[in-house]
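Novice: See protein-v1.cif below, with mmCIF, C-alpha atoms and all ligand atoms.
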data_structure
loop_
_atom_site.label_atom_id
_atom_site.label_comp_id
_atom_site.auth_asym_id
_atom_site.auth_seq_id
_atom_site.Cartn_x
_atom_site.Cartn_y
_atom_site.Cartn_z
CA MET A 1 68.95 91.67 108.81
CA ARG A 2 69.94 95.30 109.30
CA ASN A 3 67.16 97.15 111.02
CA ALA A 4 68.64 98.74 114.15
CA ALA A 5 69.49 102.45 114.12
CA PRO A 6 73.21 102.85 113.56
CA LEU A 7 75.31 103.54 116.62
CA LEU A 8 77.74 105.40 114.47
CA ALA A 9 77.40 106.83 110.98
CA VAL A 10 80.17 108.36 108.89
CA HIS A 11 78.78 110.37 105.99
CA ASP A 12 80.86 111.79 103.15
CA LEU A 13 83.98 112.15 105.29
CA HIS A 14 86.87 114.09 103.77
CA VAL A 15 90.20 114.56 105.50
CA ASP A 16 92.84 116.85 104.00
CA PHE A 17 96.32 117.35 105.45
CA ASP A 18 98.46 120.42 105.07
CA THR A 19 101.86 119.28 103.89
CA PRO A 20 104.93 121.21 102.68
CA ALA A 21 103.91 120.20 99.16
CA GLY A 22 100.40 121.63 99.65
CA PRO A 23 97.14 120.11 100.90
CA VAL A 24 96.56 116.42 100.25
CA ALA A 25 93.32 114.46 100.40
CA ALA A 26 93.95 111.38 102.56
CA VAL A 27 90.25 110.48 102.80
CA SER A 28 87.77 111.41 100.06
CA GLY A 29 84.05 110.99 100.67
CA VAL A 30 83.96 107.94 102.93
CA SER A 31 80.58 106.79 104.26
CA PHE A 32 79.62 103.78 106.37
CA GLU A 33 77.59 102.83 109.41
CA ILE A 34 78.14 100.67 112.46
CA GLU A 35 75.17 99.18 114.24
CA PRO A 36 74.90 98.12 117.87
CA ASN A 37 76.83 94.89 118.57
CA GLU A 38 78.10 94.76 115.01
CA THR A 39 81.67 94.06 113.91
CA VAL A 40 82.69 96.08 110.87
CA ALA A 41 86.09 95.40 109.33
CA LEU A 42 87.80 98.35 107.67
CA VAL A 43 90.28 96.83 105.26
CA GLY A 44 92.76 97.92 102.62
CA GLU A 45 96.47 98.01 101.99
CA SER A 46 98.88 100.28 103.78
CA GLY A 47 98.20 103.92 102.99
CA SER A 48 94.58 103.45 101.98
CA GLY A 49 93.27 105.77 104.72
CA LYS A 50 92.05 103.34 107.40
CA SER A 51 93.81 104.95 110.37
CA VAL A 52 92.98 108.46 109.22
CA THR A 53 89.29 107.46 109.05
CA ALA A 54 89.46 105.87 112.53
CA LEU A 55 91.28 108.86 114.01
CA ALA A 56 88.74 111.21 112.41
CA MET A 57 85.93 109.28 114.15
CA MET A 58 87.68 109.89 117.48
CA ARG A 59 88.53 113.47 116.43
CA LEU A 60 92.16 112.72 117.12
CA LEU A 61 93.64 113.93 113.85
CA GLY A 62 95.62 116.78 115.32
CA ARG A 63 96.80 119.99 113.72
CA GLY A 64 97.18 120.28 110.01
CA ALA A 65 94.13 118.15 109.32
CA THR A 66 90.87 119.50 107.93
CA LEU A 67 87.80 117.35 108.35
CA ARG A 68 84.58 117.72 106.35
CA GLY A 69 81.45 115.60 106.37
CA GLN A 70 79.34 114.18 109.17
CA ILE A 71 80.15 111.72 111.92
CA THR A 72 77.09 110.96 113.98
CA CYS A 73 77.19 109.01 117.18
CA ASP A 74 73.74 107.98 118.44
CA GLY A 75 72.27 110.48 116.00
CA ARG A 76 74.41 113.39 117.26
CA ASP A 77 76.90 114.99 114.86
CA ILE A 78 80.23 115.08 116.68
CA THR A 79 82.23 116.91 114.02
CA GLY A 80 81.49 120.31 115.55
CA LEU A 81 82.05 119.37 119.20
CA THR A 82 84.69 121.16 121.23
CA GLU A 83 87.65 119.21 122.58
CA LYS A 84 86.05 119.33 126.03
CA GLN A 85 82.77 117.89 124.72
CA MET A 86 84.70 115.27 122.75
CA ARG A 87 86.37 114.02 125.92
CA SER A 88 83.06 112.65 127.15
CA VAL A 89 82.35 111.05 123.77
CA ARG A 90 85.78 109.39 123.81
CA GLY A 91 85.51 106.70 126.38
CA ARG A 92 81.80 106.49 127.00
CA ALA A 93 80.62 106.30 123.39
CA MET A 94 83.72 105.02 121.67
CA THR A 95 87.30 104.28 122.42
CA MET A 96 90.27 103.17 120.40
CA ILE A 97 93.14 100.76 120.76
CA PHE A 98 96.23 101.06 118.60
CA GLN A 99 98.75 98.80 116.96
CA ASP A 100 101.46 99.90 119.36
CA PRO A 101 100.24 99.81 122.96
CA MET A 102 103.23 101.85 124.12
CA SER A 103 101.80 104.82 122.25
CA SER A 104 98.85 104.85 124.65
CA LEU A 105 100.39 103.59 127.88
CA ASP A 106 102.35 106.08 129.93
CA PRO A 107 105.78 104.58 130.72
CA LEU A 108 106.05 106.66 133.91
CA TYR A 109 102.97 105.26 135.63
CA SER A 110 102.20 101.76 136.81
CA VAL A 111 99.51 99.75 135.06
CA GLY A 112 97.37 99.98 138.21
CA ASN A 113 97.72 103.73 138.39
CA GLN A 114 96.63 104.20 134.78
CA LEU A 115 93.73 101.79 135.10
CA VAL A 116 92.47 103.23 138.38
CA GLU A 117 92.65 106.78 136.95
CA THR A 118 90.69 105.75 133.86
CA VAL A 119 88.10 103.85 135.89
CA ARG A 120 87.57 106.87 138.15
CA LEU A 121 87.43 109.28 135.21
CA HIS A 122 84.44 107.42 133.81
CA ASN A 123 82.72 106.17 136.97
CA ARG A 124 82.10 107.88 140.26
CA MET A 125 83.58 105.50 142.78
CA SER A 126 86.00 105.38 145.70
CA ARG A 127 89.66 104.67 145.09
CA ALA A 128 89.37 101.31 146.87
CA ARG A 129 86.46 100.30 144.63
CA ALA A 130 88.34 101.51 141.56
CA VAL A 131 91.32 99.33 142.55
CA GLU A 132 88.94 96.37 142.77
CA ARG A 133 87.53 97.20 139.35
CA ALA A 134 91.05 97.57 137.88
CA THR A 135 91.99 94.13 139.26
CA GLU A 136 88.81 92.66 137.82
CA LEU A 137 89.57 94.21 134.39
CA LEU A 138 93.11 92.79 134.33
CA ASP A 139 91.67 89.42 135.22
CA GLN A 140 89.07 89.70 132.44
CA VAL A 141 91.73 90.42 129.82
CA GLY A 142 93.66 87.34 130.87
CA ILE A 143 96.52 88.82 132.92
CA ALA A 144 97.76 86.29 135.46
CA ASP A 145 98.15 87.55 139.05
CA PRO A 146 96.12 90.70 138.29
CA ARG A 147 96.51 92.18 141.76
CA GLY A 148 100.30 91.85 141.61
CA ARG A 149 100.44 93.17 138.03
CA LEU A 150 98.78 96.43 139.07
CA ARG A 151 102.22 97.47 140.33
CA ALA A 152 104.00 96.68 137.04
CA TYR A 153 105.19 99.40 134.69
CA PRO A 154 104.46 99.06 130.94
CA HIS A 155 108.11 98.21 130.09
CA GLN A 156 107.94 95.24 132.45
CA LEU A 157 105.23 93.59 130.34
CA SER A 158 105.44 91.61 127.11
CA GLY A 159 103.89 93.00 123.93
CA GLY A 160 100.87 90.73 124.27
CA GLN A 161 100.40 91.70 127.92
CA ARG A 162 100.61 95.39 127.04
CA GLN A 163 97.93 94.92 124.40
CA ARG A 164 95.77 93.20 127.05
CA VAL A 165 96.30 96.18 129.38
CA MET A 166 95.28 98.51 126.55
CA ILE A 167 92.09 96.50 126.13
CA ALA A 168 91.47 96.68 129.89
CA LEU A 169 91.91 100.47 129.71
CA ALA A 170 89.42 100.60 126.84
CA LEU A 171 86.91 98.49 128.80
CA ALA A 172 87.31 100.70 131.87
CA CYS A 173 85.24 103.29 130.03
CA SER A 174 82.48 100.79 129.08
CA PRO A 175 82.39 102.13 125.51
CA ARG A 176 79.62 101.23 123.10
CA LEU A 177 82.06 101.14 120.20
CA LEU A 178 85.60 99.83 120.30
CA ILE A 179 87.82 100.93 117.43
CA ALA A 180 90.76 98.55 117.14
CA ASP A 181 93.40 99.79 114.69
CA GLU A 182 95.48 96.75 113.72
CA PRO A 183 95.56 95.63 117.34
CA THR A 184 97.61 92.52 116.68
CA THR A 185 99.96 93.40 113.82
CA ALA A 186 102.94 93.77 116.16
CA LEU A 187 102.30 90.40 117.83
CA ASP A 188 103.23 86.89 116.84
CA VAL A 189 100.59 84.65 115.34
CA THR A 190 99.74 82.66 118.48
CA ILE A 191 99.33 85.76 120.63
CA GLU A 192 97.38 87.44 117.82
CA ALA A 193 94.82 84.64 117.84
CA GLN A 194 94.48 84.90 121.64
CA ILE A 195 94.02 88.68 121.55
CA LEU A 196 91.41 88.49 118.78
CA GLU A 197 89.56 85.79 120.68
CA LEU A 198 89.70 87.96 123.79
CA ILE A 199 88.33 90.98 121.92
CA ARG A 200 85.54 88.85 120.49
CA GLY A 201 84.55 87.46 123.89
CA LEU A 202 84.59 90.87 125.54
CA GLN A 203 82.62 92.38 122.69
CA ARG A 204 79.81 89.91 123.40
CA GLU A 205 80.00 90.35 127.15
CA TYR A 206 80.07 94.15 127.03
CA ARG A 207 77.68 94.30 124.07
CA MET A 208 80.03 96.58 122.16
CA SER A 209 80.23 97.35 118.48
CA LEU A 210 83.65 96.81 116.97
CA LEU A 211 85.40 98.62 114.15
CA LEU A 212 88.32 96.38 113.33
CA VAL A 213 90.96 97.99 111.16
CA THR A 214 93.07 95.36 109.48
CA HIS A 215 94.76 94.41 106.27
CA ASP A 216 94.55 90.73 107.13
CA MET A 217 91.72 89.06 105.22
CA ALA A 218 91.95 85.93 107.36
CA VAL A 219 91.03 88.08 110.37
CA VAL A 220 88.14 89.56 108.38
CA ALA A 221 86.82 86.11 107.56
CA GLU A 222 87.01 85.16 111.23
CA MET A 223 85.56 88.25 112.87
CA ALA A 224 83.54 90.58 110.65
CA ASP A 225 79.79 90.94 110.10
CA ARG A 226 80.33 93.61 107.50
CA VAL A 227 83.31 94.81 105.51
CA VAL A 228 84.27 98.23 104.23
CA VAL A 229 87.11 98.07 101.71
CA MET A 230 89.16 101.25 101.26
CA TYR A 231 91.56 102.13 98.49
CA ALA A 232 93.46 105.42 98.12
CA GLY A 233 91.14 107.27 100.50
CA GLN A 234 87.85 106.01 99.09
CA VAL A 235 85.47 103.18 99.89
CA VAL A 236 85.62 100.85 96.89
CA GLU A 237 83.35 98.11 98.20
CA SER A 238 81.17 97.45 101.24
CA GLY A 239 78.63 94.85 102.28
CA ALA A 240 78.01 91.77 104.41
CA ALA A 241 81.27 89.95 105.13
CA GLU A 242 79.89 86.62 104.07
CA GLN A 243 78.81 87.98 100.66
CA ILE A 244 81.98 89.92 100.04
CA LEU A 245 84.13 86.94 100.90
CA ARG A 246 82.09 84.66 98.68
CA GLN A 247 81.61 87.01 95.76
CA PRO A 248 83.73 90.16 95.79
CA GLN A 249 82.55 92.75 93.26
CA HIS A 250 85.54 95.04 92.99
CA PRO A 251 88.78 93.83 91.36
CA TYR A 252 90.68 95.33 94.30
CA THR A 253 88.72 93.26 96.84
CA THR A 254 89.31 90.15 94.75
CA ALA A 255 93.02 90.87 94.74
CA LEU A 256 93.09 91.49 98.50
CA PHE A 257 91.46 88.13 99.15
CA GLN A 258 94.15 86.44 97.17
CA CYS A 259 96.50 87.76 99.84
CA ILE A 260 94.94 85.70 102.64
CA PRO A 261 97.96 84.24 104.35
CA THR A 262 98.06 80.49 104.69
CA PRO A 263 100.14 78.64 107.27
CA VAL A 264 102.91 78.28 104.70
CA THR A 265 102.99 81.87 103.45
CA ASP A 266 104.74 84.58 105.34
CA ARG A 267 102.36 87.40 106.30
CA SER A 268 104.64 90.21 105.21
CA ALA A 269 105.07 88.51 101.84
CA ALA A 270 101.32 88.11 101.48
CA LEU A 271 100.80 91.84 101.93
CA THR A 272 102.92 92.68 98.91
CA ALA A 273 101.08 90.28 96.63
CA ILE A 274 99.18 92.92 94.61
CA PRO A 275 101.54 94.32 91.98
CA GLY A 276 102.25 98.02 92.34
CA ALA A 277 101.39 100.21 95.32
CA VAL A 278 98.60 102.41 96.67
CA PRO A 279 99.12 105.86 95.11
CA SER A 280 100.12 108.59 97.52
CA PRO A 281 97.52 111.33 98.05
CA HIS A 282 99.91 113.66 96.20
CA GLU A 283 99.60 111.74 92.97
CA LEU A 284 96.16 110.22 92.69
CA PRO A 285 95.50 108.94 89.18
CA PRO A 286 92.51 110.33 87.28
CA GLY A 287 89.47 108.10 86.84
CA CYS A 288 89.28 104.99 89.00
CA ARG A 289 92.08 105.26 91.54
CA PHE A 290 92.79 101.53 91.18
CA HIS A 291 92.92 101.45 87.37
CA PRO A 292 96.74 101.50 86.98
CA ARG A 293 96.89 98.20 88.91
CA CYS A 294 93.73 96.62 87.56
CA ALA A 295 93.87 93.89 84.91
CA VAL A 296 90.33 94.55 83.71
CA ALA A 297 90.45 98.35 83.45
CA PHE A 298 89.06 99.74 80.20
CA ASP A 299 88.84 103.15 78.58
CA ARG A 300 86.13 104.54 80.84
CA CYS A 301 88.11 103.71 84.01
CA VAL A 302 90.93 106.04 82.99
CA THR A 303 88.98 109.29 82.88
CA GLY A 304 85.77 109.97 84.81
CA GLN A 305 85.17 109.41 88.53
CA VAL A 306 83.55 106.07 89.25
CA PRO A 307 80.41 106.26 91.42
CA LEU A 308 79.85 103.88 94.32
CA PHE A 309 77.14 101.71 92.77
CA PRO A 310 74.45 100.33 95.09
CA LEU A 311 73.94 96.59 94.50
CA ASP A 312 71.45 94.05 95.86
CA GLY A 313 68.92 96.78 96.63
CA GLY A 314 71.51 98.89 98.46
CA ALA A 315 72.75 96.12 100.78
CA ARG A 316 76.18 96.37 99.22
CA HIS A 317 78.17 98.83 97.16
CA SER A 318 80.99 98.69 94.65
CA ARG A 319 82.95 101.48 92.95
CA CYS A 320 83.55 99.64 89.67
CA TRP A 321 81.96 100.02 86.25
CA LEU A 322 81.99 96.25 85.97
CA SER A 323 80.10 95.37 89.13
CA GLY A 324 76.51 94.20 89.23
CA ASP A 325 74.00 96.15 87.16
CA ALA A 326 76.62 98.74 86.31
CA ALA A 327 78.34 96.09 84.20
CA SER A 328 75.58 95.91 81.58
CA GLY A 329 76.63 97.33 78.26
CA ARG A 330 80.32 97.01 79.09
CA ALA A 331 80.98 94.06 76.81
CA ASP A 332 82.53 96.36 74.20
CA ARG A 333 85.16 97.63 76.59
CA THR A 334 88.73 98.16 75.51
CA VAL A 335 91.18 96.85 78.07
CA VAL A 336 93.81 99.47 78.79
CA THR A 337 96.25 97.95 81.27
CA SER A 338 98.32 94.84 81.47
CA ALA A 339 98.26 94.53 85.26
CA SER A 340 97.90 91.00 86.54
CA VAL A 341 95.04 91.56 88.97
CA PRO A 342 92.10 89.33 88.12
CA GLY A 343 88.59 90.65 87.79
CA PRO A 344 85.75 89.98 90.22
CA ALA A 345 84.34 86.46 90.42
CA ARG A 346 80.91 87.84 89.61
CA ARG A 347 81.71 88.27 85.96
CA ARG A 348 82.14 84.56 85.57
CA ARG A 349 78.44 84.03 86.18
N1 LIG B 1 99.46 113.63 109.52
C1 LIG B 1 99.52 113.38 108.21
N2 LIG B 1 99.99 114.29 107.34
C2 LIG B 1 100.05 114.04 106.00
N3 LIG B 1 99.64 112.89 105.43
C3 LIG B 1 99.17 111.94 106.25
C4 LIG B 1 99.08 112.12 107.68
N4 LIG B 1 98.56 111.00 108.23
C5 LIG B 1 98.34 110.16 107.20
N5 LIG B 1 98.69 110.71 106.03
C6 LIG B 1 98.59 110.10 104.69
O1 LIG B 1 97.27 109.64 104.51
C7 LIG B 1 97.26 108.41 103.79
C8 LIG B 1 96.46 107.38 104.58
O2 LIG B 1 97.18 107.05 105.75
P1 LIG B 1 96.64 106.01 106.84
O3 LIG B 1 97.57 106.09 107.98
O4 LIG B 1 95.22 106.27 107.10
O5 LIG B 1 96.80 104.62 106.08
P2 LIG B 1 96.39 103.17 106.60
O6 LIG B 1 95.36 102.65 105.67
O7 LIG B 1 96.05 103.24 108.04
O8 LIG B 1 97.75 102.36 106.37
P3 LIG B 1 98.48 101.25 107.33
O9 LIG B 1 97.85 99.94 106.97
O10 LIG B 1 99.91 101.33 106.89
O11 LIG B 1 98.29 101.65 108.75
C9 LIG B 1 98.73 108.03 103.58
O12 LIG B 1 99.10 108.37 102.29
C10 LIG B 1 99.46 108.85 104.60
O13 LIG B 1 100.75 109.17 104.16
MG MG B 2 96.93 102.49 109.77
#
Would you mind writing the file's structure down as structure tokens?
Specialist:
Amino acid sequence: MRNAAPLLAVHDLHVDFDTPAGPVAAVSGVSFEIEPNETVALVGESGSGKSVTALAMMRLLGRGATLRGQITCDGRDITGLTEKQMRSVRGRAMTMIFQDPMSSLDPLYSVGNQLVETVRLHNRMSRARAVERATELLDQVGIADPRGRLRAYPHQLSGGQRQRVMIALALACSPRLLIADEPTTALDVTIEAQILELIRGLQREYRMSLLLVTHDMAVVAEMADRVVVMYAGQVVESGAAEQILRQPQHPYTTALFQCIPTPVTDRSAALTAIPGAVPSPHELPPGCRFHPRCAVAFDRCVTGQVPLFPLDGGARHSRCWLSGDAASGRADRTVVTSASVPGPARRRR
């Protein structure tokens, strides 16, 4: 049941980048909400706009990026905030962990130094108390000998340990929303499972919402309450995880689920399972952006924009002429591609 006010709401987000070849639209009209304590998975293949969306939420896009739309945090639009005002939103309201922990850890400072600084930035407390809190955080994220590890430098830690330190740094701010951008992609499968389990446990304990950016559908099945599927800068499907996993509406979602790695498939191989590639923002196809790769595309998909159709009374959405009620009257369609992506399960009803 979704009845709480959203903690975070993204409404009609557009992100354009200035490039030598002219402006490109990396994100085009993305909307979704995250409620308190909820885990939302943001999924899609490489280049679909997941990181740009996450960075936009943190207002970390940097120069050359133009952002339009609304991002409200606790009802307050943060798109117009100054960098100084944003600094208090980052941390307290939301914080982000990245795929590569070295990009956020400073190699010149010890783990303890960075943790104590972050703890003191967000909480008024003595240095001695902050050291205690830093030790406690390292312990909570599963670092053995936390007191001793305070003196370690990032390069002295393993990849999994660094990711744990990143999580400790994120927790030091007591954020209400944790944005985790592919937090385990660089780790091996055993460590990945441990880190995801850790994030899940801490999410409950700290009562945080989680935006989990991933292209791993097995992780989605394990962790998510709701799923937002992105393709070529747009949301193509969204809804409750359980429903989307059971009955995907968009041919792209169906195809992504067929990429769930099994113990015998190699993950990198699984990610290339959909024929073709996400179009670059420089060369977006007209009509449905997925149509050149879609086995069930028909004449209408090639020209006009496809709206995001509300389904199940608005509980879920799909940007496909063939989903739900939008599918009625489509029986006369003329298939226009020979791609091998199957259509949504729904149509077999
Ligand atoms: N600073 C930038 N300047 C120009 N284009 C950019 C910039 N950052 C991202 N893009 C483009 O925006 C699109 C979306 O990129 P994004 O990093 O969000 O993809 P992603 O879904 O996170 O992919 P991955 O799974 O590989 O991390 C890509 O085509 C990318 O090349
Ligand atoms: Mg990314």
Novice: Kindly provide, as a PDB file with C-alpha atoms, in the frame of the given file, all nucleotide and amino acid residues lying within 9 Å of ligand LIG 1 (chain B), counting only C-alpha atoms and all ligand atoms.
Specialist:
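Saved file pocket20.pdb follows:
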ATOM      1  CA  VAL A  15      90.200 114.560 105.500  1.00  0.00           C
ATOM      2  CA  ASP A  16      92.840 116.850 104.000  1.00  0.00           C
ATOM      3  CA  PHE A  17      96.320 117.350 105.450  1.00  0.00           C
ATOM      4  CA  ASP A  18      98.460 120.420 105.070  1.00  0.00           C
ATOM      5  CA  THR A  19     101.860 119.280 103.890  1.00  0.00           C
ATOM      6  CA  PRO A  23      97.140 120.110 100.900  1.00  0.00           C
ATOM      7  CA  VAL A  24      96.560 116.420 100.250  1.00  0.00           C
ATOM      8  CA  ALA A  25      93.320 114.460 100.400  1.00  0.00           C
ATOM      9  CA  ALA A  26      93.950 111.380 102.560  1.00  0.00           C
ATOM     10  CA  VAL A  27      90.250 110.480 102.800  1.00  0.00           C
ATOM     11  CA  LEU A  42      87.800  98.350 107.670  1.00  0.00           C
ATOM     12  CA  VAL A  43      90.280  96.830 105.260  1.00  0.00           C
ATOM     13  CA  GLY A  44      92.760  97.920 102.620  1.00  0.00           C
ATOM     14  CA  GLU A  45      96.470  98.010 101.990  1.00  0.00           C
ATOM     15  CA  SER A  46      98.880 100.280 103.780  1.00  0.00           C
ATOM     16  CA  GLY A  47      98.200 103.920 102.990  1.00  0.00           C
ATOM     17  CA  SER A  48      94.580 103.450 101.980  1.00  0.00           C
ATOM     18  CA  GLY A  49      93.270 105.770 104.720  1.00  0.00           C
ATOM     19  CA  LYS A  50      92.050 103.340 107.400  1.00  0.00           C
ATOM     20  CA  SER A  51      93.810 104.950 110.370  1.00  0.00           C
ATOM     21  CA  VAL A  52      92.980 108.460 109.220  1.00  0.00           C
ATOM     22  CA  THR A  53      89.290 107.460 109.050  1.00  0.00           C
ATOM     23  CA  ALA A  54      89.460 105.870 112.530  1.00  0.00           C
ATOM     24  CA  LEU A  55      91.280 108.860 114.010  1.00  0.00           C
ATOM     25  CA  LEU A  61      93.640 113.930 113.850  1.00  0.00           C
ATOM     26  CA  GLY A  62      95.620 116.780 115.320  1.00  0.00           C
ATOM     27  CA  ARG A  63      96.800 119.990 113.720  1.00  0.00           C
ATOM     28  CA  GLY A  64      97.180 120.280 110.010  1.00  0.00           C
ATOM     29  CA  ALA A  65      94.130 118.150 109.320  1.00  0.00           C
ATOM     30  CA  GLN A  99      98.750  98.800 116.960  1.00  0.00           C
ATOM     31  CA  ASP A 181      93.400  99.790 114.690  1.00  0.00           C
ATOM     32  CA  GLU A 182      95.480  96.750 113.720  1.00  0.00           C
ATOM     33  CA  VAL A 213      90.960  97.990 111.160  1.00  0.00           C
ATOM     34  CA  THR A 214      93.070  95.360 109.480  1.00  0.00           C
ATOM     35  CA  HIS A 215      94.760  94.410 106.270  1.00  0.00           C
ATOM     36  CA  MET A 230      89.160 101.250 101.260  1.00  0.00           C
ATOM     37  CA  TYR A 231      91.560 102.130  98.490  1.00  0.00           C
ATOM     38  CA  ALA A 232      93.460 105.420  98.120  1.00  0.00           C
ATOM     39  CA  GLY A 233      91.140 107.270 100.500  1.00  0.00           C
ATOM     40  CA  VAL A 278      98.600 102.410  96.670  1.00  0.00           C
ATOM     41  CA  PRO A 279      99.120 105.860  95.110  1.00  0.00           C
ATOM     42  CA  SER A 280     100.120 108.590  97.520  1.00  0.00           C
ATOM     43  CA  PRO A 281      97.520 111.330  98.050  1.00  0.00           C
ATOM     44  CA  HIS A 282      99.910 113.660  96.200  1.00  0.00           C
TER      45      HIS A 282
END
Novice: Taking into account all atoms listed in the file, which residue in the set A:Arg164, A:Arg129, A:Arg226, A:Arg316 is nearest to Val40 (chain A)?
Specialist: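 Between A:Arg164, A:Arg129, A:Arg226, A:Arg316, the residue approaching Val40 (chain A) most closely is A:Arg226.
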Novice: Residues within 10 Å of (91.0, 105.2, 131.7), file coordinates, counting all atoms listed in the file: what are they? Give the list as a list of chain:residue names.
Specialist: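 Every residue inside that radius is included here: A:Gly91, A:Asn113, A:Gln114, A:Leu115, A:Val116, A:Glu117, A:Thr118, A:Val119, A:Arg120, A:Leu121, A:His122, A:Asn123, A:Ala134, A:Met166, A:Ala168, A:Leu169, A:Ala170, A:Leu171, A:Ala172, A:Cys173, A:Ser174.
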Novice: List as a ChimeraX atom specification: which residues have an atom within 12 Å of (82.1, 96.4, 105.5), counting only C-alpha atoms?
Specialist: /A:30-35,38-44,210-214,220-221,223-230,235-245,248,253,315-318
Novice: Mind pulling up the distance from CA of Asn37 (chain A) to CA of Thr95 (chain A)?
Specialist: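 Between these atoms lies a distance of 14.6 Å.
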Novice: Provide the CA of Thr72 (chain A) to CA of Leu198 (chain A) distance in Å, to one decimal place.
Specialist: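 Separation between CA of Thr72 (chain A) and CA of Leu198 (chain A): 28.0 Å.
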Novice: What is the distance between CA of Leu308 (chain A) and CA of Pro6 (chain A), in Å to one decimal?
Specialist: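 According to the coordinates, CA of Leu308 (chain A) and CA of Pro6 (chain A) are separated by 20.4 Å.
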Novice: Set the distance at 12 Å and use all atoms listed in the file: which residues neighbour Gly159 (chain A) once local chain neighbours fewer than 4 positions away are removed? I'd like the list as a PyMOL selection string.
Specialist: chain A and resi 99-102+105+154-155+163-166+183-188+191-192+195
Novice: Of the residues A:Gln305, A:Gln258, A:Ser103, A:Ser158, which is the one nearest to Cys320 (chain A), using all atoms listed in the file?
Specialist: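 Smallest separation from Cys320 (chain A) among the options: A:Gln305.
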